[in-house]
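Presented below is the structure to which this report refers.
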Amino acid sequence: MMTACGQSGSTSTTAAAAAADEGETNETEGAAEAEAVLETRIVKDSDGKEVTIPYQVTKVAPTIGAFAQVTEMLSPGKIAAASTAQISDYFKEIFGDYKETNPNDYDSGSVEDLIAAGVQVAYGPASAYSEEQIEQMEQAGIIYVNISQVSDSAEMMESYRLIGSILGQEEVKRAEEFCDYWQASIDDCQSRTRDLSDEERVKVLRLSVNGGAYSTVNRTDIFTSILSEAGGINVAADYNPAGSGDRPAGGRNSGLSIDAEQILAWDPDVIITLNQQGMDEILADPALAQVKAVKEGRVYNTPQGIYLWGVRSGENAMMTPWLGTILYPELFEDVDMEQVVIDFFKEWYHTDIDEAAAQEILEGK
């Protein structure tokens, strides 16, 4: 009986050990499977297409300057290549890590540079690369995510959320926090101007100058969205000159040629231009001397920080209240734009700037 009991106990111990070994093996296999699953994850691009990207993304290539700014704002230290022509010295000064992560100034427009930089994911508007370049990138194991939502503030916020999802979980949260900040700014501006009648709303023209020739933007450009949120009206919203009619309906018609006669016909209350040189040329042009905005000295240069405001920049969160102070100073008299800029740089760039630096940004210098 003792022997039988001993044998029985020995058999049970062996079975238990075998079961334990099997459990350990299953656990190991399960961990390996989980690890394999975590090697990749899926994001959806602007068209809703599912794109598989590495689970850990540490080297990226935004294809436009505005997306480089947002990338640094959400997750410093990951840009391995960028649109170098749009990366200013001020960008490099504020985001010191950029010079470390892209010391060779690799350009995101070059597939060779992307490969040399070890880029995992590149992202930006669909027009950034040709089909041949996309194929070269795929062969090199570089993922491209199409981010083409750039027509208005709401689309830009979705683009920032998408960039956050590419960069990682913490970046998703920060992107959402930034979008909340931007939306709060829009809501505040709209609450201040909602009671204005159509007659009271300021009529605005965005006017660019290049080689003495003028151009503007219509409702398909993000400027119209931002201006509307500030309570203004783009006099060129429906402008569609000859030669641009073959563009797809709803397309982004940016840089539409315009002459002095049309500007005089619109007679805008305010003109917003893109740089100091353009502002000087507008004010000096005798053909525009009778335009209301010129006569009353209401021609303004667009602010510029890390990136130009009023285009596709995250700093557009400040463009809306800035326009409010320009268009309706009595409704925005409590808004201190210098402080807005100082607070923005501290919160989103983790950088302290003084009032003089903030003023230079507001003057577009």
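Identifiers in this document derive from the order of the structure tokens: chains are assigned A, B, ..., residues are numbered from 1 separately in each chain, and ligands are numbered from 1 in order of occurrence.
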
Using only C-alpha atoms, find each residue of region 135-174 of chain A with at least one atom at most 12 Å away from an atom of region 306-324 of chain A; report its shortest atom-to-atom pair and that distance in Å (one decimal), sort the rows by chain and rising residue number, and return the result as a tab-separated table.
```
residue	atom	partner	partner_atom	distance
A:Ser148	CA	A:Arg312	CA	11.0
A:Gln149	CA	A:Arg312	CA	9.9
A:Val150	CA	A:Arg312	CA	6.5
A:Ser151	CA	A:Arg312	CA	8.3
A:Asp152	CA	A:Arg312	CA	8.6
A:Ser153	CA	A:Asn316	CA	8.2
A:Ala154	CA	A:Ala317	CA	11.4
A:Glu155	CA	A:Arg312	CA	10.1
A:Met156	CA	A:Arg312	CA	7.3
A:Met157	CA	A:Gly314	CA	8.6
A:Glu158	CA	A:Gly314	CA	11.8
A:Ser159	CA	A:Arg312	CA	10.3
A:Tyr160	CA	A:Gly314	CA	8.5
A:Arg161	CA	A:Gly314	CA	11.8
```

Between region 320-345 of chain A and region 169-181 of chain A, at 12 Å or less, what are the per-residue closest atom pairs and their distances in Å? Count only C-alpha atoms, order by chain and rising residue number, and return it as a tab-separated table.
```
residue	atom	partner	partner_atom	distance
A:Val340	CA	A:Tyr181	CA	12.0
A:Asp343	CA	A:Tyr181	CA	11.9
A:Phe344	CA	A:Tyr181	CA	10.0
```

For all heavy atoms, I'd like the residues from the last selection saved as a tab-separated table (two decimals), in the first residue's frame.
```tsv
chain	number	residue	atom	x	y	z
A	340	VAL	N	-0.95	86.39	-25.02
A	340	VAL	CA	-1.43	85.18	-25.69
A	340	VAL	C	-0.25	84.44	-26.32
A	340	VAL	O	-0.12	83.22	-26.19
A	340	VAL	CB	-2.48	85.51	-26.77
A	340	VAL	CG1	-2.78	84.29	-27.64
A	340	VAL	CG2	-3.77	86.02	-26.13
A	343	ASP	N	2.10	82.96	-23.56
A	343	ASP	CA	1.49	81.77	-22.95
A	343	ASP	C	1.53	80.58	-23.91
A	343	ASP	O	1.75	79.43	-23.49
A	343	ASP	CB	0.05	82.06	-22.54
A	343	ASP	CG	-0.05	83.05	-21.38
A	343	ASP	OD1	0.98	83.27	-20.71
A	343	ASP	OD2	-1.14	83.60	-21.16
A	344	PHE	N	1.30	80.84	-25.21
A	344	PHE	CA	1.32	79.77	-26.20
A	344	PHE	C	2.69	79.13	-26.26
A	344	PHE	O	2.81	77.89	-26.25
A	344	PHE	CB	0.93	80.33	-27.58
A	344	PHE	CG	0.81	79.29	-28.65
A	344	PHE	CD1	-0.43	78.78	-29.00
A	344	PHE	CD2	1.93	78.82	-29.35
A	344	PHE	CE1	-0.56	77.81	-30.01
A	344	PHE	CE2	1.82	77.87	-30.34
A	344	PHE	CZ	0.57	77.36	-30.66
```

Which residue, A:Asp238, A:Glu132, A:Asp285, A:Asp107, has the smallest gap to Ala61 (chain A) when you use only C-alpha atoms?
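Looking at the shortest contact to Ala61 (chain A), the residue is A:Asp107.
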
Once DSSP has gone over the backbone, tell me which residues of region 127-279 of chain A are in alpha helix (DSSP H), as a PyMOL selection string.
chain A and resi 131-139+153-167+169-193+222-229+260-266+276-279

Region 51-56 of chain A: which residues within 6 Å, counting only C-alpha atoms, same-chain residues fewer than 2 positions away excluded, as a PyMOL selection string?
chain A and resi 38-44

Those same residues - all heavy atoms - I'd like them written as a PDB file, in the first residue's frame.
```
ATOM      1  N   LEU A  38       2.467  43.722 -31.046  1.00  0.00           N
ATOM      2  CA  LEU A  38       2.868  45.079 -30.705  1.00  0.00           C
ATOM      3  C   LEU A  38       3.942  45.640 -31.631  1.00  0.00           C
ATOM      4  O   LEU A  38       4.377  46.763 -31.451  1.00  0.00           O
ATOM      5  CB  LEU A  38       3.359  45.125 -29.256  1.00  0.00           C
ATOM      6  CG  LEU A  38       2.293  44.864 -28.186  1.00  0.00           C
ATOM      7  CD1 LEU A  38       2.910  44.916 -26.796  1.00  0.00           C
ATOM      8  CD2 LEU A  38       1.166  45.882 -28.294  1.00  0.00           C
ATOM      9  N   GLU A  39       4.392  44.867 -32.587  1.00  0.00           N
ATOM     10  CA  GLU A  39       5.380  45.376 -33.530  1.00  0.00           C
ATOM     11  C   GLU A  39       4.762  46.373 -34.502  1.00  0.00           C
ATOM     12  O   GLU A  39       5.461  47.209 -35.062  1.00  0.00           O
ATOM     13  CB  GLU A  39       6.010  44.220 -34.308  1.00  0.00           C
ATOM     14  CG  GLU A  39       6.973  43.375 -33.473  1.00  0.00           C
ATOM     15  CD  GLU A  39       7.582  42.237 -34.274  1.00  0.00           C
ATOM     16  OE1 GLU A  39       7.230  42.116 -35.468  1.00  0.00           O
ATOM     17  OE2 GLU A  39       8.381  41.479 -33.708  1.00  0.00           O
ATOM     18  N   THR A  40       3.462  46.282 -34.728  1.00  0.00           N
ATOM     19  CA  THR A  40       2.779  47.193 -35.648  1.00  0.00           C
ATOM     20  C   THR A  40       1.451  47.643 -35.059  1.00  0.00           C
ATOM     21  O   THR A  40       0.931  47.043 -34.116  1.00  0.00           O
ATOM     22  CB  THR A  40       2.513  46.521 -37.006  1.00  0.00           C
ATOM     23  OG1 THR A  40       1.661  45.380 -36.816  1.00  0.00           O
ATOM     24  CG2 THR A  40       3.807  46.097 -37.671  1.00  0.00           C
ATOM     25  N   ARG A  41       0.928  48.698 -35.628  1.00  0.00           N
ATOM     26  CA  ARG A  41      -0.419  49.155 -35.298  1.00  0.00           C
ATOM     27  C   ARG A  41      -0.995  49.841 -36.531  1.00  0.00           C
ATOM     28  O   ARG A  41      -0.276  50.049 -37.526  1.00  0.00           O
ATOM     29  CB  ARG A  41      -0.417  50.103 -34.095  1.00  0.00           C
ATOM     30  CG  ARG A  41       0.542  51.260 -34.182  1.00  0.00           C
ATOM     31  CD  ARG A  41       0.718  51.952 -32.833  1.00  0.00           C
ATOM     32  NE  ARG A  41       1.784  52.938 -32.859  1.00  0.00           N
ATOM     33  CZ  ARG A  41       1.630  54.216 -33.205  1.00  0.00           C
ATOM     34  NH1 ARG A  41       0.426  54.647 -33.574  1.00  0.00           N
ATOM     35  NH2 ARG A  41       2.635  55.052 -33.209  1.00  0.00           N
ATOM     36  N   ILE A  42      -2.267  50.170 -36.484  1.00  0.00           N
ATOM     37  CA  ILE A  42      -2.953  50.716 -37.656  1.00  0.00           C
ATOM     38  C   ILE A  42      -3.462  52.126 -37.385  1.00  0.00           C
ATOM     39  O   ILE A  42      -4.022  52.396 -36.321  1.00  0.00           O
ATOM     40  CB  ILE A  42      -4.128  49.810 -38.064  1.00  0.00           C
ATOM     41  CG1 ILE A  42      -3.597  48.456 -38.570  1.00  0.00           C
ATOM     42  CG2 ILE A  42      -4.979  50.469 -39.148  1.00  0.00           C
ATOM     43  CD1 ILE A  42      -4.684  47.453 -38.881  1.00  0.00           C
ATOM     44  N   VAL A  43      -3.249  53.019 -38.339  1.00  0.00           N
ATOM     45  CA  VAL A  43      -3.845  54.348 -38.310  1.00  0.00           C
ATOM     46  C   VAL A  43      -4.641  54.527 -39.600  1.00  0.00           C
ATOM     47  O   VAL A  43      -4.401  53.835 -40.589  1.00  0.00           O
ATOM     48  CB  VAL A  43      -2.786  55.456 -38.179  1.00  0.00           C
ATOM     49  CG1 VAL A  43      -2.014  55.333 -36.870  1.00  0.00           C
ATOM     50  CG2 VAL A  43      -1.819  55.451 -39.368  1.00  0.00           C
ATOM     51  N   LYS A  44      -5.571  55.447 -39.588  1.00  0.00           N
ATOM     52  CA  LYS A  44      -6.357  55.743 -40.783  1.00  0.00           C
ATOM     53  C   LYS A  44      -5.941  57.092 -41.340  1.00  0.00           C
ATOM     54  O   LYS A  44      -5.896  58.085 -40.613  1.00  0.00           O
ATOM     55  CB  LYS A  44      -7.856  55.743 -40.455  1.00  0.00           C
ATOM     56  CG  LYS A  44      -8.417  54.361 -40.191  1.00  0.00           C
ATOM     57  CD  LYS A  44      -9.931  54.413 -40.022  1.00  0.00           C
ATOM     58  CE  LYS A  44     -10.511  53.015 -39.806  1.00  0.00           C
ATOM     59  NZ  LYS A  44     -11.987  53.053 -39.671  1.00  0.00           N
TER      60      LYS A  44
END
```

What's the separation between CA of Lys292 (chain A) and CA of Glu338 (chain A), in Å to one decimal place?
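Pair CA of Lys292 (chain A) / CA of Glu338 (chain A) returns 27.7 Å.
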
Give me the residues of region 122-180 of chain A that have any atom at most 12 Å from an atom of region 79-94 of chain A; for each, the nearest atom pair and the distance in Å, rounded to one decimal. Use only C-alpha atoms, sort by chain and number, and format it as a Markdown table.
```
| residue | atom | partner | partner_atom | distance |
| --- | --- | --- | --- | --- |
| A:Ala122 | CA | A:Ala81 | CA | 8.7 |
| A:Tyr123 | CA | A:Ala82 | CA | 10.1 |
| A:Gly124 | CA | A:Ser83 | CA | 10.5 |
| A:Ala128 | CA | A:Ser83 | CA | 10.2 |
| A:Leu167 | CA | A:Ile79 | CA | 10.5 |
```

Can I get the selection written as a compact mmCIF listing (two decimals), in the first residue's frame, with N, CA and C atoms?
```txt
# COMPACT_ATOMS: atom_id res chain seq x y z
N ALA A 122 6.64 58.69 -43.13
CA ALA A 122 6.55 60.04 -43.69
C ALA A 122 5.08 60.38 -43.82
N TYR A 123 4.75 61.66 -43.67
CA TYR A 123 3.32 62.03 -43.76
C TYR A 123 3.16 63.47 -44.23
N GLY A 124 2.05 63.67 -44.94
CA GLY A 124 1.72 64.98 -45.47
C GLY A 124 0.73 64.85 -46.61
N ALA A 128 2.69 65.18 -52.13
CA ALA A 128 4.09 65.28 -51.72
C ALA A 128 5.00 64.37 -52.54
N LEU A 167 2.42 59.30 -33.95
CA LEU A 167 3.55 59.46 -33.04
C LEU A 167 3.45 58.59 -31.79
```

Do you have the CA of Leu288 (chain A)-CA of Ala260 (chain A) distance handy?
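Going from CA of Leu288 (chain A) over to CA of Ala260 (chain A) covers 6.5 Å.
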
Selection near region 186-193 of chain A, 6 Å with only C-alpha atoms, sequence-local residues under 5 positions removed, as number ranges by chain
A: 229-231

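Candidate residues A:Val299, A:Ala287, A:Val121, A:Ala126 were compared for distance to Leu207 (chain A), and the nearest is A:Val299, using only C-alpha atoms.
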
When distances are computed from only C-alpha atoms, which of A:Met279, A:Gly297, A:Val204, A:Glu50 shows the smallest separation from Ile263 (chain A)?
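Comparing A:Met279, A:Gly297, A:Val204, A:Glu50 against Ile263 (chain A), the winner is A:Val204.
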
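Relative to CA of Thr63 (chain A), CA of Tyr129 (chain A) is found at 9.3 Å.
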
Considering only C-alpha atoms, can you say which of A:Lys99, A:Lys49, A:Lys203, A:Arg194 comes closest to Leu331 (chain A)?
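The answer is A:Arg194, which sits nearest to Leu331 (chain A).
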
Compare A:Gln136, A:Asn301, A:Thr58, A:Asn146 by their minimum atom-to-atom distance to Leu114 (chain A), counting only C-alpha atoms, and give me the closest one.
A:Gln136

Fewer than 3 positions away in the same chain doesn't count, so skip those; otherwise give me all residues within 12 Å of Leu274 (chain A), counting only C-alpha atoms, as an MDAnalysis selection string.
chainID A and resid 205:210 214:216 223 255 271 277:282 299:304 307:311 363:365

Selected residues written out, N, CA, C and O atoms, as a compact mmCIF listing (two decimals), in the first residue's frame:
```txt
# COMPACT_ATOMS: atom_id res chain seq x y z
N LEU A 205 -9.61 91.53 -47.31
CA LEU A 205 -8.96 90.93 -48.47
C LEU A 205 -7.56 90.49 -48.05
O LEU A 205 -6.80 91.28 -47.50
N ARG A 206 -7.25 89.22 -48.30
CA ARG A 206 -5.85 88.81 -48.12
C ARG A 206 -5.15 89.02 -49.43
O ARG A 206 -5.56 88.46 -50.46
N LEU A 207 -4.10 89.81 -49.40
CA LEU A 207 -3.44 90.23 -50.63
C LEU A 207 -1.94 89.92 -50.56
O LEU A 207 -1.24 90.36 -49.65
N SER A 208 -1.48 89.13 -51.53
CA SER A 208 -0.06 88.81 -51.62
C SER A 208 0.55 89.56 -52.80
O SER A 208 -0.13 89.85 -53.79
N VAL A 209 1.83 89.88 -52.69
CA VAL A 209 2.53 90.59 -53.76
C VAL A 209 3.76 89.79 -54.15
O VAL A 209 4.56 89.41 -53.29
N ASN A 210 3.92 89.56 -55.44
CA ASN A 210 5.08 88.82 -55.94
C ASN A 210 5.51 89.41 -57.27
O ASN A 210 4.80 89.30 -58.26
N TYR A 214 -0.33 90.98 -57.97
CA TYR A 214 -1.15 90.68 -56.79
C TYR A 214 -1.86 89.33 -56.94
O TYR A 214 -2.21 88.91 -58.04
N SER A 215 -2.07 88.69 -55.80
CA SER A 215 -2.88 87.46 -55.76
C SER A 215 -3.63 87.40 -54.45
O SER A 215 -3.26 88.06 -53.46
N THR A 216 -4.70 86.62 -54.44
CA THR A 216 -5.53 86.49 -53.24
C THR A 216 -5.98 85.05 -53.11
O THR A 216 -5.56 84.17 -53.86
N PHE A 223 -7.52 80.47 -44.84
CA PHE A 223 -7.64 81.84 -44.34
C PHE A 223 -9.10 82.26 -44.21
O PHE A 223 -9.48 82.95 -43.25
N GLY A 255 -3.56 81.46 -54.26
CA GLY A 255 -2.75 82.31 -55.12
C GLY A 255 -3.44 82.66 -56.40
O GLY A 255 -2.91 82.47 -57.49
N ILE A 271 -6.93 95.04 -45.28
CA ILE A 271 -6.10 94.17 -46.12
C ILE A 271 -5.09 93.46 -45.22
O ILE A 271 -4.42 94.10 -44.40
N GLN A 277 7.52 93.27 -46.95
CA GLN A 277 7.75 93.77 -48.30
C GLN A 277 6.42 93.95 -49.04
O GLN A 277 6.20 94.97 -49.70
N GLY A 278 5.53 92.96 -48.91
CA GLY A 278 4.23 93.07 -49.56
C GLY A 278 3.43 94.23 -49.02
O GLY A 278 2.78 94.97 -49.77
N MET A 279 3.49 94.42 -47.71
CA MET A 279 2.78 95.53 -47.08
C MET A 279 3.30 96.87 -47.60
O MET A 279 2.51 97.77 -47.93
N ASP A 280 4.61 97.00 -47.72
CA ASP A 280 5.21 98.25 -48.20
C ASP A 280 4.79 98.53 -49.64
O ASP A 280 4.49 99.68 -50.00
N GLU A 281 4.76 97.49 -50.49
CA GLU A 281 4.40 97.67 -51.89
C GLU A 281 2.93 98.07 -52.04
O GLU A 281 2.58 98.89 -52.89
N ILE A 282 2.08 97.47 -51.22
CA ILE A 282 0.65 97.80 -51.28
C ILE A 282 0.43 99.27 -50.91
O ILE A 282 -0.30 100.00 -51.58
N VAL A 299 -3.89 98.26 -43.26
CA VAL A 299 -3.17 97.19 -43.97
C VAL A 299 -2.23 96.57 -42.95
O VAL A 299 -1.42 97.26 -42.34
N TYR A 300 -2.35 95.25 -42.77
CA TYR A 300 -1.61 94.58 -41.70
C TYR A 300 -0.80 93.41 -42.22
O TYR A 300 -1.23 92.69 -43.13
N ASN A 301 0.37 93.23 -41.62
CA ASN A 301 1.23 92.12 -41.94
C ASN A 301 0.86 90.92 -41.06
O ASN A 301 0.61 91.08 -39.87
N THR A 302 0.82 89.73 -41.64
CA THR A 302 0.47 88.52 -40.90
C THR A 302 1.57 88.17 -39.89
O THR A 302 2.75 88.17 -40.23
N PRO A 303 1.20 87.85 -38.65
CA PRO A 303 2.19 87.43 -37.66
C PRO A 303 2.91 86.16 -38.11
O PRO A 303 2.39 85.37 -38.90
N GLN A 304 4.11 85.98 -37.57
CA GLN A 304 4.88 84.78 -37.90
C GLN A 304 5.76 84.40 -36.71
O GLN A 304 6.58 85.18 -36.25
N TYR A 307 6.09 79.39 -37.61
CA TYR A 307 5.58 79.25 -38.97
C TYR A 307 4.60 80.40 -39.20
O TYR A 307 4.06 80.98 -38.26
N LEU A 308 4.39 80.73 -40.45
CA LEU A 308 3.49 81.83 -40.79
C LEU A 308 2.07 81.52 -40.33
O LEU A 308 1.54 80.44 -40.58
N TRP A 309 1.43 82.48 -39.66
CA TRP A 309 0.03 82.32 -39.27
C TRP A 309 -0.86 82.47 -40.50
O TRP A 309 -0.48 83.02 -41.51
N GLY A 310 -2.09 81.97 -40.39
CA GLY A 310 -3.06 82.19 -41.45
C GLY A 310 -2.96 81.23 -42.60
O GLY A 310 -3.71 81.34 -43.56
N VAL A 311 -2.01 80.29 -42.55
CA VAL A 311 -1.94 79.28 -43.60
C VAL A 311 -2.31 77.93 -42.99
O VAL A 311 -3.45 77.72 -42.60
N GLU A 363 4.29 91.28 -35.31
CA GLU A 363 4.56 92.17 -36.44
C GLU A 363 5.07 91.42 -37.65
O GLU A 363 5.36 92.02 -38.69
N GLY A 364 5.19 90.09 -37.52
CA GLY A 364 5.64 89.27 -38.65
C GLY A 364 7.11 89.39 -38.94
O GLY A 364 7.56 89.14 -40.08
N LYS A 365 7.90 89.74 -37.94
CA LYS A 365 9.34 89.93 -38.16
C LYS A 365 10.14 88.68 -37.85
O LYS A 365 11.32 88.63 -38.08
```
